[in-house]
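In what follows, a structure is listed as C-alpha cells, so that the remarks can point back to it.
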Protein chains: 2
Amino acid sequence: MSKIIKIAVDAMGGDNSPKKIIDGINHHYKSNTNTFYQIFGDKEKIQNYINQLPTSSFEIIHTKDLVKGTDSPLEGAKRGKNTSMWLAIQSVKEKKSDIVISAGNTGALLVISKLNLKMIENIDKPALSALWPNKKNMSVVLDLGANIECSPKNLIDFSIMGSSLFKSLYPDDTAKVALLNIGSEEIKGNETIKETYQQLNQRNNTDFEFKGYIEGNQLMNGDVNVIVADGFTGNIALKTAEGTANFITSELKKAMTGNIIGKISSLLNISNLKKFKERLDPRLYNGAIFIGLDSPVIKSHGGTDYIGFSNSLSVCTRIVTGNLIEKIRNNIS
Amino acid sequence: MSKIIKIAVDAMGGDNSPKKIIDGINHHYKSNTNTFYQIFGDKEKIQNYINQLPTSSFEIIHTKDLVKGTDSPLEGAKRGKNTSMWLAIQSVKEKKSDIVISAGNTGALLVISKLNLKMIENIDKPALSALWPNKKNMSVVLDLGANIECSPKNLIDFSIMGSSLFKSLYPDDTAKVALLNIGSEEIKGNETIKETYQQLNQRNNTDFEFKGYIEGNQLMNGDVNVIVADGFTGNIALKTAEGTANFITSELKKAMTGNIIGKISSLLNISNLKKFKERLDPRLYNGAIFIGLDSPVIKSHGGTDYIGFSNSLSVCTRIVTGNLIEKIRNNIS
C-alpha cells in the first residue's frame, strides 16, 4: 500500500463552505484512498456532509473561529490562532500534515503562512503560482501577485521553484523556463529582466532548460511550460487572460443562441461544445500554489464548486508525491 | 461638400505591399470620397493596383528606398530621408497631409516620427495606443510599449491623450478612464500607480470621468473605455489577450470540426459563427495610434489584409474629423 498522504483542510473558506469542501473531499477520496484529511472548522456543519468516507480516513478539529472573505490580510491574521485557517497551517508547521489547502481569503492565507512557516533556505521571497492550459498540456506561471517588486535573484528563485513544481506535477516532462517580456530580443525589457536573462543564461541549469523571453501572445503555445514574471506583471497577464476568455465565451454564447437555427445546431453540436468547455474548464486548473515556504500551501478558488476543490486536492496529492519541497531544496543549492 | 481629408500613405510597409495598401485605398475611397491620398513608394508597382480611383483623389510620390520589416528602429531611420516611410512623415510635418499611415516597421515609424515631428506642448512622452473590443463597444488602451518606465505625469498625460482619442472616435460617448492595476483597492499597486491615482482623483477632470483602477479580468466589460498603463504592462496585457483569443478560437475550431456531427452542425450554424467571427475580427480594430506628437501617426498591422488596412484608413478619417490634436491641446492645458 502506498504511503498515506496527510492533507490539512481549512473547511470554512470560500463560497458555500463547508459543503463544497466536504463534497470535494468525498469526491477526491474515491480515487485517492491513500489520503488522510485533517479537517478544520465547525464540526456540526462539517458532519452533515461527510458520507461514505471511512472514519479512518479523516479527523475533524473543531473551531468556530474563521477568517472572512472580506477581511484585509491583516484583519484575517488578527482573528487569531484559533481560526480554521490558522489551525490548518499550524498542522503542517507541526508536521502533522504534508500540505495545507484553503479556499478562503488569499491575502490572509499568505500572511498567516508567512507568520508560521519558515522560508526554504536560500529563497528570499515566496511566490504565488498557478497552472495555465496551453496547446500541448499545462504551464506553471509565477509570481501572480505576492511580490510587486522583484530583483533578478527573486526571478531566478522563481525559475527554480516553478520548474521544481512543474517536475513534481509532470515528472516525465522537461521543465522549460521563459521570462515574460515585451519582446523576444535580448535588448528589450526593463533592467531587472535583462539582468535575470544574463544570469540564467550563464547559470548551469541542470533542473530546467532556459528558453529566454516569451511574449504574452505565445504564453499558450506550449513551447515553454514555466513562465516567470514579477507579481505585478504576472497578475496582469493572468487576469487579462481570464477576462479575454470570459469575453470570448460570452460572445460565442450570444452568437450560438441568437436564433432558432443557432439553438438547433448548438444542440446537435452539444458533444463537441462540451469537449470544448471541458478543455477550458477553469476548475481543471483551479488553485494557486504558494511556494518558497518549507511546506506547500494550496489556495483553491473561493468561487469554485466541489469538483474544482477536488481538483485542487489532486494537485495536493501530486505535489506531495512529487516531493516538491525536497526538489526545490536540491535545485536551489 | 465636406472638407477634403489628406492622408499620407507609406505604400511599401508590411506583408504583400504595395498591393494590399492600394487595394485598401480603393476600398476605403468607396465610402470616403472626400479623401485625398498622398501615396509614397515605387510608382511602377503602385500603378498596377490603382483602379477606379479618380486621378483627382491621389498623387504618387515615387521613391525606391524603403525601410525593411527586419530593420532595427535605428537601422530603419538610417536608411535615410528618401524612404517611403520618411517621406510620408515629412508630408504631415510640412502640413501637406493631415495624418500619416504605415503598415511597416513599428520601431522605425516611432523613431522617424519622433525625429521629424514636435511633441504637443506639455506632453513629455508620446504613447502607442490601440482599440480593443469590449462587451459594449470599444476601448482605447495605452501605452502599448513606447515607454517602459513611466512617471505619474506620463500616465496622466496618457489619460488625457487617450480620452481625447476616444472622444475623436466616439464623439457621442463619455470617456471613462481607469488605470490598469492588480487590485481595485486604493492601497494596491506600485508607487507610480498609487501616486497617479491620487493626482487623477484630485484633478478637475472635465474631459473624462476617472473610474479608478481596473483589473485585467474586467478589461472587456465595457465599464470603462480608456485604459491606461505603462508601456511594459500595457504590452503584456495586449499580447496576452491576443494569445488567449488565438488559443480559445483554435480549441473551438478543433472541437467544432472533430467529427461529422460537428461538421454538419457547424455548417448549419454558419451564420451565427460568422457573426461571432465578425465581432472578434482583429481587422476591425487593426492599427495602433501613436499620439503625443503634433500630427497623428497611424500604424496598421503588417500582417493584415486590404480590409484591415482600409479599416485603419477609416480610423485616420475619424481622427482627422474628430480634431484629435486640437482636443489634446485643449485638454492638456
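Labels used: A, B, ... for chains in the order of the C-alpha cells, numbers from 1 for residues in each chain, and numbers from 1 for ligands as shown.
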I need the residues in segment 12-223 of chain B that are alpha helix (DSSP H) according to DSSP; give them as a short mmCIF file (atom, residue, chain, number, x, y, z; two decimals) with C-alpha atoms, in the first residue's frame.
```cif
data_model
loop_
_atom_site.label_atom_id
_atom_site.label_comp_id
_atom_site.auth_asym_id
_atom_site.auth_seq_id
_atom_site.Cartn_x
_atom_site.Cartn_y
_atom_site.Cartn_z
CA LYS B 19 -0.85 45.58 -53.34
CA LYS B 20 -2.77 45.40 -50.08
CA ILE B 21 -2.14 49.09 -49.38
CA ILE B 22 -3.57 50.19 -52.72
CA ASP B 23 -6.44 47.68 -52.55
CA GLY B 24 -7.16 49.12 -49.10
CA ILE B 25 -7.18 52.65 -50.53
CA ASN B 26 -9.54 51.58 -53.34
CA HIS B 27 -11.86 50.03 -50.76
CA HIS B 28 -11.69 52.99 -48.36
CA TYR B 29 -12.37 55.53 -51.09
CA LYS B 30 -15.75 53.95 -51.94
CA SER B 31 -17.29 55.29 -48.73
CA LYS B 43 5.42 54.26 -58.67
CA GLU B 44 5.50 51.44 -61.18
CA LYS B 45 4.36 48.82 -58.69
CA ILE B 46 1.75 51.10 -57.17
CA GLN B 47 0.18 51.95 -60.52
CA ASN B 48 -0.51 48.26 -61.19
CA TYR B 49 -3.15 48.21 -58.50
CA PRO B 73 14.44 51.05 -35.31
CA LEU B 74 17.79 52.78 -35.78
CA GLU B 75 18.68 50.85 -38.94
CA GLY B 76 15.29 51.87 -40.32
CA ALA B 77 15.94 55.53 -39.58
CA LYS B 78 19.43 55.32 -41.06
CA SER B 84 8.68 55.90 -48.39
CA MET B 85 8.16 55.99 -44.62
CA TRP B 86 10.29 59.06 -44.02
CA LEU B 87 8.75 60.94 -46.96
CA ALA B 88 5.23 60.16 -45.72
CA ILE B 89 6.07 61.53 -42.27
CA GLN B 90 7.72 64.54 -43.91
CA SER B 91 4.39 65.23 -45.61
CA VAL B 92 2.49 65.73 -42.33
CA LYS B 93 5.43 67.70 -40.94
CA THR B 106 6.76 49.91 -35.90
CA GLY B 107 10.03 50.78 -34.18
CA ALA B 108 11.33 52.71 -37.20
CA LEU B 109 7.99 54.51 -37.57
CA LEU B 110 8.20 55.68 -33.94
CA VAL B 111 11.82 56.79 -34.27
CA ILE B 112 11.40 58.62 -37.59
CA SER B 113 8.20 60.27 -36.31
CA LYS B 114 9.96 61.48 -33.16
CA LEU B 115 12.88 62.78 -35.25
CA ASN B 116 10.61 64.79 -37.52
CA PRO B 152 2.70 59.71 -12.76
CA LYS B 153 2.89 62.75 -15.08
CA ASN B 154 3.27 60.42 -18.08
CA LEU B 155 0.30 58.31 -17.01
CA ILE B 156 -1.84 61.42 -16.53
CA ASP B 157 -0.79 62.63 -20.00
CA PHE B 158 -1.81 59.21 -21.35
CA SER B 159 -5.21 59.57 -19.64
CA ILE B 160 -5.75 62.93 -21.31
CA MET B 161 -4.49 61.79 -24.72
CA GLY B 162 -6.43 58.52 -24.53
CA SER B 163 -9.70 60.21 -23.66
CA SER B 164 -9.13 62.81 -26.41
CA LEU B 165 -8.63 59.95 -28.86
CA PHE B 166 -11.74 58.19 -27.58
CA LYS B 167 -13.81 61.38 -27.99
CA SER B 168 -12.46 61.90 -31.53
CA LEU B 169 -13.58 58.41 -32.48
CA GLU B 191 4.18 53.64 -6.06
CA THR B 192 3.81 55.25 -9.51
CA ILE B 193 0.32 53.93 -10.00
CA LYS B 194 -0.80 54.92 -6.49
CA GLU B 195 0.54 58.46 -6.95
CA THR B 196 -1.19 58.71 -10.35
CA TYR B 197 -4.45 57.58 -8.75
CA GLN B 198 -4.23 60.34 -6.12
CA GLN B 199 -3.45 63.03 -8.68
CA LEU B 200 -6.21 61.99 -11.08
CA ASN B 201 -8.65 61.89 -8.18
CA GLN B 202 -7.77 65.45 -7.23
#
```
In Å, how far is it from atom CA of Ala8 of chain A to atom CA of Ile39 of chain A?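 According to the coordinates, atom CA of Ala8 of chain A and atom CA of Ile39 of chain A are separated by 6.2 Å.
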May I have all residues of segment 7-255 of chain B that DSSP, computed from the backbone, assigns to strand (DSSP E), given as a ChimeraX atom specification? /B:7-10,35-41,58-62,99-102,127-133,138-142,176-180,209-214,226-228
Which residue, A:Ile4, A:Ile307, A:Ile182, A:Cys316, has the smallest gap to Ile148 of chain B when you use only C-alpha atoms? A:Ile182
Which one is closest to Thr321 of chain A: A:Thr55, A:Asn217, A:Asn34, A:Asn16? Count only C-alpha atoms.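 Closest to Thr321 of chain A, using only C-alpha atoms: A:Asn34.
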I'd like the neighbourhood of segment 118-134 of chain A as an mmCIF file with C-alpha atoms, in the first residue's frame, where a residue qualifies if any of its atoms comes within 9 Å (using only C-alpha atoms), though same-chain residues fewer than 4 positions away should be ignored.
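Saved file result-v1.cif follows:
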```cif
data_model
loop_
_atom_site.group_PDB
_atom_site.id
_atom_site.type_symbol
_atom_site.label_atom_id
_atom_site.label_comp_id
_atom_site.auth_asym_id
_atom_site.auth_seq_id
_atom_site.Cartn_x
_atom_site.Cartn_y
_atom_site.Cartn_z
ATOM 1 C CA LYS A 93 4.071 23.552 10.709
ATOM 2 C CA LEU A 110 -0.312 34.287 2.555
ATOM 3 C CA SER A 113 1.531 31.123 6.197
ATOM 4 C CA LYS A 114 4.465 33.535 6.274
ATOM 5 C CA MET A 138 -0.165 22.855 -18.839
ATOM 6 C CA SER A 139 2.233 25.601 -17.793
ATOM 7 C CA VAL A 140 3.253 26.790 -14.340
ATOM 8 C CA VAL A 141 3.100 30.600 -14.110
ATOM 9 C CA LEU A 142 4.590 32.645 -11.264
ATOM 10 C CA ASP A 143 4.590 35.108 -9.483
ATOM 11 C CA LEU A 144 0.914 36.040 -9.657
ATOM 12 C CA GLY A 145 0.875 38.873 -7.162
ATOM 13 C CA ALA A 146 2.728 38.001 -3.961
ATOM 14 C CA ASN A 147 5.661 40.297 -4.852
ATOM 15 C CA CYS A 150 11.313 41.683 -7.750
ATOM 16 C CA LYS A 153 17.673 36.910 -7.600
ATOM 17 C CA ASN A 154 13.913 36.665 -6.918
ATOM 18 C CA ASP A 157 14.414 31.714 -7.432
ATOM 19 C CA PHE A 158 11.005 31.710 -9.120
ATOM 20 C CA MET A 161 10.753 26.887 -7.747
ATOM 21 C CA GLY A 162 8.499 26.924 -10.792
ATOM 22 C CA LEU A 219 2.006 32.115 -23.487
ATOM 23 C CA MET A 220 -0.327 29.347 -24.572
ATOM 24 C CA ASN A 221 1.690 27.850 -27.451
ATOM 25 C CA GLY A 222 3.157 25.190 -25.185
ATOM 26 C CA ASP A 223 6.755 25.833 -26.310
ATOM 27 C CA ASN A 225 5.951 25.366 -19.551
ATOM 28 C CA GLY A 231 3.981 39.647 -9.250
ATOM 29 C CA LEU A 238 -3.340 36.063 -15.572
ATOM 30 C CA ARG A 279 -10.826 21.662 -22.272
ATOM 31 C CA LEU A 280 -11.239 25.204 -20.990
ATOM 32 C CA TYR A 285 -6.586 24.156 -13.198
ATOM 33 C CA ASN A 286 -8.240 25.618 -10.153
ATOM 34 C CA GLY A 287 -5.949 26.586 -7.358
ATOM 35 C CA ALA A 288 -2.831 28.599 -6.778
ATOM 36 C CA ILE A 289 0.267 27.193 -5.132
ATOM 37 C CA PHE A 290 2.195 29.321 -2.670
ATOM 38 C CA ILE A 291 5.822 28.175 -2.886
ATOM 39 C CA GLY A 292 9.041 29.091 -1.129
ATOM 40 C CA LEU A 293 7.955 28.168 2.401
ATOM 41 C CA ASP A 294 9.083 24.872 3.900
ATOM 42 C CA SER A 295 5.590 23.399 3.472
ATOM 43 C CA ILE A 325 9.931 20.912 -1.212
ATOM 44 C CA ILE A 328 13.343 22.957 -4.512
ATOM 45 C CA ARG A 329 15.961 22.388 -1.787
ATOM 46 C CA ILE A 332 18.377 25.947 -5.125
ATOM 47 C CA SER A 333 21.689 24.896 -3.575
ATOM 48 C CA PHE B 247 -5.798 29.760 -28.098
#
```
Pick out the closest residue to chain A from this set: B:Thr206, B:Asn331, B:Ser72, B:Ser312. Count only C-alpha atoms. B:Ser72
Which of A:Asn181, A:Ser102, A:Ser314, A:Asn82 sits closest to Val9 of chain A [using only C-alpha atoms]: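 Looking at the shortest contact to Val9 of chain A, the residue is A:Ser102.
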Show me, as a ChimeraX atom specification, the residues that have an atom within 8 Å of Thr233 of chain A when counting only C-alpha atoms, minus same-chain residues fewer than 3 positions from it. /A:144,229-230,236-237 /B:233,236
Give me, as a PyMOL selection string, all polymer residues having an atom no more than 7 Å from Ile214 of chain A, counting only C-alpha atoms and skipping those fewer than 3 positions away in the same chain. chain A and resi 178-181+184+218-219
Shortest interatomic distance to chain B - which of A:Thr249, A:Ser151, A:Ser17, A:Ser97, counting only C-alpha atoms: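 For chain B, the nearest of the candidates is A:Thr249.
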Ranking B:Asp207, B:Asp173, B:Glu326, B:Glu149 by minimum distance to chain A and counting only C-alpha atoms, which one comes first? B:Glu149
Provide the atom CA of Val100 of chain A to atom CA of Pro296 of chain A distance in Å, to one decimal place. 6.7 Å
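The gap separating atom CA of Gly80 of chain A from atom CA of Asp65 of chain A is 8.4 Å, in Å to one decimal.
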